[in-house]
Amino acid sequence: MTSDDRPSVLFVCVHNAGRSQMAAAWLAHLSEGRIEVRSAGSAPADALNPAVVEAMAEVGIDITGQRPKLLTTDAVEASDVCVTMGCGDTCPFFPGKRYLDWELPDPAGRGVDAVRPIRDGIRERVEALIGELLPR
């Protein structure tokens with residue numbers, strides 16, 4: 001656990017411009033600060049996917065201030081749970097960490113109509129993860 005005893009989750013995808021950003025935004029929003037949230041990419045893009053930004057805005061979550069970040073071993077080491085989304089073997093492995101791999105379509109190059117179902121699928125997985133990390 002982190003120093004403040006909140007569980008911490010790291011979401012990782014290749015470009016950190018779509019799936020991992022949506023997952024991080026959902027977790028921050030739905031956990032209301034009770035879970036520490038990070039996201040990163042193994043080969044970060046220059047900017048977020050505009051269709052992802054639009055899809056999240058539709059549900060009242062503004063991610064325009066977010067930027068793709070490079071995955072570091074420190075980020076993995078500092079997290080209790082590491083959720084990968086198509087980054088393969090590029091995520092560093094640390095014994096004792098919980099790793100989840102979420103098979104999700106890549107929203108890169110897709111319009112907002114194609115991103116919405118990905119966004120909604122991520123929300124369902126995030127809600128389940130919150131239920132595991134924050135027992136009632």
# chains A, B, ... in the order shown; residues from 1 in each chain; ligands from 1
$ residues_around --residues "stretch 128-133 of chain A" --least-positions-apart "2" --cutoff "8 Å" --atoms "only C-alpha atoms" --output "CSV table (one decimal) with all heavy atoms, in the first residue's frame"
chain,number,residue,atom,x,y,z
A,7,PRO,N,-5.2,2.1,-1.4
A,7,PRO,CA,-4.7,1.2,-2.4
A,7,PRO,C,-4.3,2.0,-3.6
A,7,PRO,O,-4.8,3.1,-3.8
A,7,PRO,CB,-5.8,0.2,-2.7
A,7,PRO,CG,-7.0,0.8,-2.1
A,7,PRO,CD,-6.6,1.8,-1.1
A,27,LEU,N,-11.5,5.5,-12.6
A,27,LEU,CA,-11.1,5.1,-11.2
A,27,LEU,C,-11.0,6.3,-10.3
A,27,LEU,O,-11.6,6.3,-9.2
A,27,LEU,CB,-9.8,4.3,-11.2
A,27,LEU,CG,-9.4,3.8,-9.8
A,27,LEU,CD1,-10.5,2.8,-9.2
A,27,LEU,CD2,-8.1,3.0,-9.9
A,31,SER,N,-13.9,6.3,-7.5
A,31,SER,CA,-13.4,6.0,-6.1
A,31,SER,C,-13.4,7.2,-5.2
A,31,SER,O,-13.1,7.1,-4.0
A,31,SER,CB,-12.0,5.4,-6.2
A,31,SER,OG,-11.0,6.4,-6.5
A,124,GLU,N,-17.2,-0.7,-16.4
A,124,GLU,CA,-17.7,-1.9,-15.7
A,124,GLU,C,-16.5,-2.6,-15.0
A,124,GLU,O,-16.7,-3.0,-13.8
A,124,GLU,CB,-18.3,-2.8,-16.7
A,124,GLU,CG,-19.7,-2.3,-17.2
A,124,GLU,CD,-20.2,-3.2,-18.4
A,124,GLU,OE1,-19.7,-4.3,-18.6
A,124,GLU,OE2,-21.2,-2.8,-19.0
A,125,ARG,N,-15.4,-2.7,-15.7
A,125,ARG,CA,-14.2,-3.3,-15.0
A,125,ARG,C,-13.7,-2.5,-13.9
A,125,ARG,O,-13.3,-3.1,-12.8
A,125,ARG,CB,-13.1,-3.5,-16.1
A,125,ARG,CG,-13.5,-4.5,-17.2
A,125,ARG,CD,-12.5,-4.5,-18.3
A,125,ARG,NE,-12.9,-5.3,-19.4
A,125,ARG,CZ,-12.2,-6.3,-20.0
A,125,ARG,NH1,-11.1,-6.6,-19.5
A,125,ARG,NH2,-12.7,-6.9,-21.0
A,126,VAL,N,-13.7,-1.2,-14.0
A,126,VAL,CA,-13.2,-0.3,-12.9
A,126,VAL,C,-14.1,-0.5,-11.7
A,126,VAL,O,-13.7,-0.5,-10.6
A,126,VAL,CB,-13.1,1.1,-13.4
A,126,VAL,CG1,-13.0,2.1,-12.2
A,126,VAL,CG2,-11.9,1.3,-14.3
A,135,PRO,N,-13.5,-3.0,0.1
A,135,PRO,CA,-14.7,-3.7,0.6
A,135,PRO,C,-15.5,-2.9,1.5
A,135,PRO,O,-15.0,-2.0,2.2
A,135,PRO,CB,-14.0,-4.9,1.3
A,135,PRO,CG,-12.6,-4.7,1.3
A,135,PRO,CD,-12.3,-3.5,0.5
A,136,ARG,N,-16.8,-3.1,1.5
A,136,ARG,CA,-17.7,-2.3,2.2
A,136,ARG,C,-17.6,-2.5,3.7
A,136,ARG,O,-17.4,-3.5,4.3
A,136,ARG,CB,-19.2,-2.6,1.8
A,136,ARG,CG,-19.4,-2.4,0.4
A,136,ARG,CD,-20.7,-1.7,0.1
A,136,ARG,NE,-20.9,-1.4,-1.3
A,136,ARG,CZ,-20.7,-0.2,-1.8
A,136,ARG,NH1,-20.3,0.8,-1.0
A,136,ARG,NH2,-20.9,0.0,-3.1
$ closest_residue --among "A:Ala55, A:Ala43, A:Ala108, A:Ile61" --to "A:Cys13" --atoms "only C-alpha atoms"
A:Ala43
$ closest_residue --among "A:Ile122, A:Val52, A:Val37, A:Ala45" --to "A:Arg110" --atoms "only C-alpha atoms"
A:Val52
$ residues_around --residues "A:Gly41" --least-positions-apart "6" --cutoff "6 Å" --atoms "only C-alpha atoms" --output "PyMOL selection string"
chain A and resi 12-16+70-71
$ select_by_dssp --residues "chain A" --states "strand (DSSP E)" --output "compact mmCIF listing (two decimals) with C-alpha atoms, in the first residue's frame"
# COMPACT_ATOMS: atom_id res chain seq x y z
CA SER A 8 -2.91 2.28 -5.63
CA VAL A 9 -3.56 1.21 -9.20
CA LEU A 10 -1.46 1.73 -12.33
CA PHE A 11 -3.09 1.43 -15.77
CA VAL A 12 -0.72 0.69 -18.63
CA CYS A 13 -1.22 0.61 -22.39
CA GLU A 36 -4.44 6.37 -5.74
CA VAL A 37 -4.44 6.31 -9.55
CA ARG A 38 -1.61 6.30 -12.10
CA SER A 39 -1.43 5.64 -15.82
CA ALA A 40 1.47 5.28 -18.23
CA GLY A 41 2.49 3.89 -21.59
CA VAL A 81 -2.27 -3.35 -8.75
CA CYS A 82 -0.94 -3.05 -12.29
CA VAL A 83 -3.60 -3.30 -15.02
CA THR A 84 -2.17 -3.85 -18.50
CA ARG A 98 -1.12 -7.95 -8.46
CA TYR A 99 -1.26 -7.91 -12.25
CA LEU A 100 -4.43 -7.86 -14.33
CA ASP A 101 -4.61 -7.89 -18.12
$ closest_residue --among "A:Ala23, A:Leu104, A:Leu30, A:Ala47" --to "A:Thr64" --atoms "only C-alpha atoms"
A:Ala47
$ atom_distance --atom1 "atom CA of A:Glu32" --atom2 "atom CA of A:Val76"
22.0 Å
$ closest_residue --among "A:Met22, A:Pro107, A:Gly96, A:Ala28" --to "A:Met56" --atoms "only C-alpha atoms"
A:Met22
$ closest_residue --among "A:Arg123, A:Ala78, A:Glu103, A:Glu58" --to "A:Ala25" --atoms "only C-alpha atoms"
A:Arg123
$ atom_distance --atom1 "atom CA of A:Val53" --atom2 "atom CA of A:His29"
14.8 Å
$ closest_residue --among "A:Pro44, A:Gly111, A:Pro117, A:Pro95" --to "A:Gln21" --atoms "only C-alpha atoms"
A:Pro44
$ decode --residues "stretch 102-116 of chain A" --atoms "all heavy atoms" --output "compact mmCIF listing (two decimals), in the first residue's frame"
# COMPACT_ATOMS: atom_id res chain seq x y z
N TRP A 102 -6.39 -6.58 -19.07
CA TRP A 102 -7.72 -6.34 -19.62
C TRP A 102 -7.64 -6.31 -21.14
O TRP A 102 -6.99 -5.43 -21.71
CB TRP A 102 -8.29 -5.02 -19.10
CG TRP A 102 -8.63 -5.00 -17.64
CD1 TRP A 102 -8.57 -6.06 -16.77
CD2 TRP A 102 -9.10 -3.89 -16.87
NE1 TRP A 102 -8.98 -5.65 -15.52
CE2 TRP A 102 -9.31 -4.33 -15.56
CE3 TRP A 102 -9.36 -2.56 -17.18
CZ2 TRP A 102 -9.76 -3.50 -14.54
CZ3 TRP A 102 -9.81 -1.72 -16.17
CH2 TRP A 102 -10.01 -2.19 -14.86
N GLU A 103 -8.27 -7.29 -21.77
CA GLU A 103 -8.33 -7.34 -23.23
C GLU A 103 -9.40 -6.35 -23.69
O GLU A 103 -10.59 -6.57 -23.46
CB GLU A 103 -8.70 -8.76 -23.69
CG GLU A 103 -7.62 -9.79 -23.41
CD GLU A 103 -6.47 -9.71 -24.39
OE1 GLU A 103 -6.68 -9.24 -25.53
OE2 GLU A 103 -5.36 -10.09 -23.99
N LEU A 104 -8.97 -5.26 -24.29
CA LEU A 104 -9.89 -4.22 -24.75
C LEU A 104 -9.45 -3.75 -26.13
O LEU A 104 -8.25 -3.65 -26.39
CB LEU A 104 -9.85 -3.02 -23.79
CG LEU A 104 -10.35 -3.24 -22.38
CD1 LEU A 104 -9.80 -2.18 -21.44
CD2 LEU A 104 -11.87 -3.22 -22.38
N PRO A 105 -10.40 -3.43 -27.00
CA PRO A 105 -10.01 -2.90 -28.31
C PRO A 105 -9.26 -1.58 -28.16
O PRO A 105 -9.54 -0.80 -27.25
CB PRO A 105 -11.35 -2.67 -29.02
CG PRO A 105 -12.38 -3.38 -28.22
CD PRO A 105 -11.84 -3.54 -26.83
N ASP A 106 -8.33 -1.34 -29.05
CA ASP A 106 -7.56 -0.10 -29.03
C ASP A 106 -8.38 0.99 -29.73
O ASP A 106 -8.77 0.82 -30.89
CB ASP A 106 -6.24 -0.30 -29.76
CG ASP A 106 -5.28 0.88 -29.61
OD1 ASP A 106 -5.73 1.97 -29.19
OD2 ASP A 106 -4.10 0.71 -29.92
N PRO A 107 -8.65 2.11 -29.05
CA PRO A 107 -9.44 3.17 -29.68
C PRO A 107 -8.66 4.02 -30.69
O PRO A 107 -9.24 4.90 -31.32
CB PRO A 107 -9.90 4.02 -28.49
CG PRO A 107 -8.87 3.80 -27.45
CD PRO A 107 -8.36 2.39 -27.64
N ALA A 108 -7.38 3.76 -30.86
CA ALA A 108 -6.56 4.58 -31.77
C ALA A 108 -7.16 4.58 -33.18
O ALA A 108 -7.51 3.53 -33.72
CB ALA A 108 -5.13 4.05 -31.82
N GLY A 109 -7.29 5.75 -33.73
CA GLY A 109 -7.79 5.90 -35.09
C GLY A 109 -9.29 5.71 -35.25
O GLY A 109 -9.79 5.69 -36.37
N ARG A 110 -10.00 5.57 -34.16
CA ARG A 110 -11.45 5.35 -34.21
C ARG A 110 -12.18 6.63 -33.80
O ARG A 110 -11.69 7.41 -33.00
CB ARG A 110 -11.86 4.21 -33.29
CG ARG A 110 -11.25 2.89 -33.67
CD ARG A 110 -11.64 1.84 -32.67
NE ARG A 110 -10.97 0.58 -32.95
CZ ARG A 110 -11.51 -0.59 -32.74
NH1 ARG A 110 -12.72 -0.70 -32.24
NH2 ARG A 110 -10.84 -1.70 -33.01
N GLY A 111 -13.39 6.77 -34.28
CA GLY A 111 -14.23 7.90 -33.90
C GLY A 111 -14.91 7.66 -32.57
O GLY A 111 -14.86 6.57 -32.00
N VAL A 112 -15.60 8.68 -32.09
CA VAL A 112 -16.24 8.62 -30.78
C VAL A 112 -17.30 7.51 -30.73
O VAL A 112 -17.50 6.89 -29.67
CB VAL A 112 -16.79 10.00 -30.36
CG1 VAL A 112 -18.00 10.39 -31.19
CG2 VAL A 112 -17.09 10.03 -28.88
N ASP A 113 -17.99 7.23 -31.83
CA ASP A 113 -19.00 6.16 -31.83
C ASP A 113 -18.38 4.81 -31.49
O ASP A 113 -19.00 3.99 -30.81
CB ASP A 113 -19.70 6.07 -33.19
CG ASP A 113 -20.64 7.25 -33.44
OD1 ASP A 113 -21.02 7.92 -32.46
OD2 ASP A 113 -20.98 7.50 -34.61
N ALA A 114 -17.15 4.57 -31.95
CA ALA A 114 -16.46 3.31 -31.66
C ALA A 114 -15.84 3.32 -30.26
O ALA A 114 -15.63 2.26 -29.66
CB ALA A 114 -15.38 3.05 -32.70
N VAL A 115 -15.55 4.50 -29.73
CA VAL A 115 -14.91 4.62 -28.42
C VAL A 115 -15.92 4.42 -27.28
O VAL A 115 -15.57 3.87 -26.24
CB VAL A 115 -14.17 5.97 -28.29
CG1 VAL A 115 -13.65 6.18 -26.87
CG2 VAL A 115 -13.02 6.04 -29.29
N ARG A 116 -17.16 4.82 -27.48
CA ARG A 116 -18.17 4.72 -26.41
C ARG A 116 -18.27 3.33 -25.80
O ARG A 116 -18.27 3.19 -24.57
CB ARG A 116 -19.52 5.19 -26.91
CG ARG A 116 -19.64 6.67 -27.05
CD ARG A 116 -21.05 7.09 -27.47
NE ARG A 116 -21.05 8.49 -27.87
CZ ARG A 116 -21.23 8.92 -29.12
NH1 ARG A 116 -21.48 8.06 -30.09
NH2 ARG A 116 -21.19 10.20 -29.38
